[in-house]
There are 2 protein chains.
Amino acid sequence: MESMKILVTNDDGIHSPGIKALAEALRKVGDVAVVAPDRERSAVGHALTLHHPLRAVQIGHDAFSVDGTPTDCVNLGIHNLISFKPDLVVSGINRGGNLADDVTYSGTVSAAMEASLMGIPAFAVSLVTEGIGEHYHAAAGFAAQLAREVFTRGLPADTFLNVNVPDLPGEALRPPLITSQGKRRYEGLIVDKVDPRGRKYYWIGSGEQTFLDLEGTDYHAVSRGHISITPLHPDLTNYSSLRLLHGWELT
Amino acid sequence: MESMKILVTNDDGIHSPGIKALAEALRKVGDVAVVAPDRERSAVGHALTLHHPLRAVQIGHDAFSVDGTPTDCVNLGIHNLISFKPDLVVSGINRGGNLADDVTYSGTVSAAMEASLMGIPAFAVSLVTEGIGEHYHAAAGFAAQLAREVFTRGLPADTFLNVNVPDLPGEALRPPLITSQGKRRYEGLIVDKVDPRGRKYYWIGSGEQTFLDLEGTDYHAVSRGHISITPLHPDLTNYSSLRLLHGWELT
């Protein structure tokens, strides 16, 4: 069997501990190239840089930093930078979970979505932590196991995976559960202050994270120590609303 | 009946023709506030600015420009800037359709998603054109009619709408169809050149837009002259893959 070729990216930037642990673990199961943002680009969603040029800096064999978003990195990596066409794209390991509605803001998850739109199997991995995170190597070990599984079995059509791993030592992690994307209560928090020159500014904060503890969801799994694997697709259609709207009379 | 209160935003920026036509049409059916990016912020997806402060400039009564993304505008508008709590958020009118997988990159659609996450009914409106667009007023007229409908009926739970209007005079538009999000073939195109100082740069292009002509989808509707209304939600779970993945043995 030919060796698996893997492109690794993230949204915390090329120098984050998560991407280092991930690349290291994946090198044990395949050939690894790394293309990642030159600095933290979290909460950028599925953003693509269209209005200005992008630069890439080679920092090692098949390793590049790019002054763009994770979605840019996947595109540039595959089309222009790395030496192979990947069998798999893995994005992470993100510092902090990507759970419930927060998935829609996630650069980490969007990089996996982009690969999937290009027809390449992909998954995102996040370490569920409020701080800087401790157990990246345990999460990376699981990612390597999952990579092998995805390479062998393939993924269902139109599917990429969102993996969240509790920040626990390997032996304390409970088995992976297949979950759906959860829900959280919206808690906006915007700081409103005055700068040293007397001008007002606003800064978007994070508020309290209040997830609904619904069985079968990503949050329910990780809050009980399980690894969570959620199959995602780029289709935002709310199919259950289609029928309801058919009743509307619009002309 | 109390008058409807509407927040208008977009991703083409506060000075675009689409937002002007939209605000003008909506003023005939309710009170309108406008909070929009100070410049074009298209393809930013559901990006939220967390790493630097935001500035707002008041440019009229209940009208502000913000140096952030559409998602930032919805947050700042509702929490800090405008004088009322909106009954409805309308995002647009975007120059260019937001169809199929492209929805996931769209700042216009993400603004409506953000409002929906905040519990406020919302829809995005886009004019399907390859150029600068001509018939913004026809699209805006339909948006005003739809706004009234949404205000009267409410939207189904966890649902916001993605509306695409062909760039046709009002009398040539065919009736709205309720659709699902379509699919397109991925066509990446990245220009790779050398700058005046001899350094290489990359620029992400758009390639050919090749949508699959599937019945019931947004693309199928607009390409036949119909207005398309797609109910969306922020849940990316691919439910049909859940069962398939349950068979995987991961430890």
# chains A, B, ... in the order shown; residues from 1 in each chain; ligands from 1
$ interface_residues --of "chain B" --to "chain A" --cutoff "7 Å" --atoms "only C-alpha atoms" --output "ChimeraX atom specification"
/B:43-50,52-55,101,104-105,117-118,156,159,175-176,178,180-181,186,201-204,230-238,241-242,245-246,250-251
$ residues_around --residues "His137 in chain B" --least-positions-apart "4" --cutoff "8 Å" --atoms "only C-alpha atoms" --output "ChimeraX atom specification"
/B:21-22,25,141
$ decode --residues "range 129-151 of chain B" --atoms "N, CA and C atoms" --output "PDB file, in the first residue's frame"
ATOM      1  N   THR B 129     -25.727  38.470 -10.697  1.00  0.00           N
ATOM      2  CA  THR B 129     -25.128  39.175 -11.831  1.00  0.00           C
ATOM      3  C   THR B 129     -23.639  38.893 -11.837  1.00  0.00           C
ATOM      4  N   GLU B 130     -23.049  38.911 -13.026  1.00  0.00           N
ATOM      5  CA  GLU B 130     -21.592  38.756 -13.121  1.00  0.00           C
ATOM      6  C   GLU B 130     -20.925  40.125 -13.150  1.00  0.00           C
ATOM      7  N   GLY B 131     -21.711  41.151 -13.478  1.00  0.00           N
ATOM      8  CA  GLY B 131     -21.147  42.494 -13.593  1.00  0.00           C
ATOM      9  C   GLY B 131     -21.466  43.343 -12.371  1.00  0.00           C
ATOM     10  N   ILE B 132     -21.720  44.636 -12.591  1.00  0.00           N
ATOM     11  CA  ILE B 132     -22.012  45.509 -11.458  1.00  0.00           C
ATOM     12  C   ILE B 132     -23.482  45.444 -11.050  1.00  0.00           C
ATOM     13  N   GLY B 133     -24.318  44.873 -11.900  1.00  0.00           N
ATOM     14  CA  GLY B 133     -25.720  44.714 -11.553  1.00  0.00           C
ATOM     15  C   GLY B 133     -26.540  45.913 -11.964  1.00  0.00           C
ATOM     16  N   GLU B 134     -27.784  45.642 -12.346  1.00  0.00           N
ATOM     17  CA  GLU B 134     -28.615  46.700 -12.907  1.00  0.00           C
ATOM     18  C   GLU B 134     -29.901  46.895 -12.103  1.00  0.00           C
ATOM     19  N   HIS B 135     -30.572  45.793 -11.801  1.00  0.00           N
ATOM     20  CA  HIS B 135     -31.939  45.895 -11.302  1.00  0.00           C
ATOM     21  C   HIS B 135     -32.034  45.756  -9.785  1.00  0.00           C
ATOM     22  N   TYR B 136     -31.224  46.565  -9.070  1.00  0.00           N
ATOM     23  CA  TYR B 136     -31.268  46.531  -7.607  1.00  0.00           C
ATOM     24  C   TYR B 136     -32.652  46.929  -7.071  1.00  0.00           C
ATOM     25  N   HIS B 137     -33.319  47.858  -7.766  1.00  0.00           N
ATOM     26  CA  HIS B 137     -34.601  48.325  -7.244  1.00  0.00           C
ATOM     27  C   HIS B 137     -35.676  47.251  -7.305  1.00  0.00           C
ATOM     28  N   ALA B 138     -35.637  46.430  -8.339  1.00  0.00           N
ATOM     29  CA  ALA B 138     -36.597  45.329  -8.424  1.00  0.00           C
ATOM     30  C   ALA B 138     -36.356  44.342  -7.281  1.00  0.00           C
ATOM     31  N   ALA B 139     -35.083  44.012  -7.033  1.00  0.00           N
ATOM     32  CA  ALA B 139     -34.746  43.088  -5.941  1.00  0.00           C
ATOM     33  C   ALA B 139     -35.135  43.687  -4.598  1.00  0.00           C
ATOM     34  N   ALA B 140     -34.908  45.001  -4.444  1.00  0.00           N
ATOM     35  CA  ALA B 140     -35.235  45.673  -3.187  1.00  0.00           C
ATOM     36  C   ALA B 140     -36.746  45.679  -2.941  1.00  0.00           C
ATOM     37  N   GLY B 141     -37.500  45.850  -4.029  1.00  0.00           N
ATOM     38  CA  GLY B 141     -38.961  45.811  -3.903  1.00  0.00           C
ATOM     39  C   GLY B 141     -39.415  44.452  -3.396  1.00  0.00           C
ATOM     40  N   PHE B 142     -38.823  43.397  -3.918  1.00  0.00           N
ATOM     41  CA  PHE B 142     -39.188  42.069  -3.433  1.00  0.00           C
ATOM     42  C   PHE B 142     -38.773  41.894  -1.969  1.00  0.00           C
ATOM     43  N   ALA B 143     -37.586  42.422  -1.608  1.00  0.00           N
ATOM     44  CA  ALA B 143     -37.116  42.313  -0.223  1.00  0.00           C
ATOM     45  C   ALA B 143     -38.104  42.985   0.736  1.00  0.00           C
ATOM     46  N   ALA B 144     -38.653  44.119   0.326  1.00  0.00           N
ATOM     47  CA  ALA B 144     -39.613  44.832   1.188  1.00  0.00           C
ATOM     48  C   ALA B 144     -40.880  43.999   1.379  1.00  0.00           C
ATOM     49  N   GLN B 145     -41.313  43.362   0.301  1.00  0.00           N
ATOM     50  CA  GLN B 145     -42.504  42.501   0.387  1.00  0.00           C
ATOM     51  C   GLN B 145     -42.226  41.312   1.316  1.00  0.00           C
ATOM     52  N   LEU B 146     -41.038  40.725   1.167  1.00  0.00           N
ATOM     53  CA  LEU B 146     -40.672  39.573   1.988  1.00  0.00           C
ATOM     54  C   LEU B 146     -40.522  39.980   3.466  1.00  0.00           C
ATOM     55  N   ALA B 147     -39.974  41.180   3.697  1.00  0.00           N
ATOM     56  CA  ALA B 147     -39.814  41.676   5.066  1.00  0.00           C
ATOM     57  C   ALA B 147     -41.166  41.730   5.763  1.00  0.00           C
ATOM     58  N   ARG B 148     -42.152  42.240   5.062  1.00  0.00           N
ATOM     59  CA  ARG B 148     -43.492  42.336   5.632  1.00  0.00           C
ATOM     60  C   ARG B 148     -44.043  40.953   5.961  1.00  0.00           C
ATOM     61  N   GLU B 149     -43.799  40.026   5.052  1.00  0.00           N
ATOM     62  CA  GLU B 149     -44.265  38.644   5.212  1.00  0.00           C
ATOM     63  C   GLU B 149     -43.603  37.999   6.438  1.00  0.00           C
ATOM     64  N   VAL B 150     -42.297  38.191   6.572  1.00  0.00           N
ATOM     65  CA  VAL B 150     -41.563  37.605   7.697  1.00  0.00           C
ATOM     66  C   VAL B 150     -42.033  38.231   9.010  1.00  0.00           C
ATOM     67  N   PHE B 151     -42.274  39.538   8.994  1.00  0.00           N
ATOM     68  CA  PHE B 151     -42.717  40.243  10.196  1.00  0.00           C
ATOM     69  C   PHE B 151     -44.090  39.726  10.632  1.00  0.00           C
TER      70      PHE B 151
END
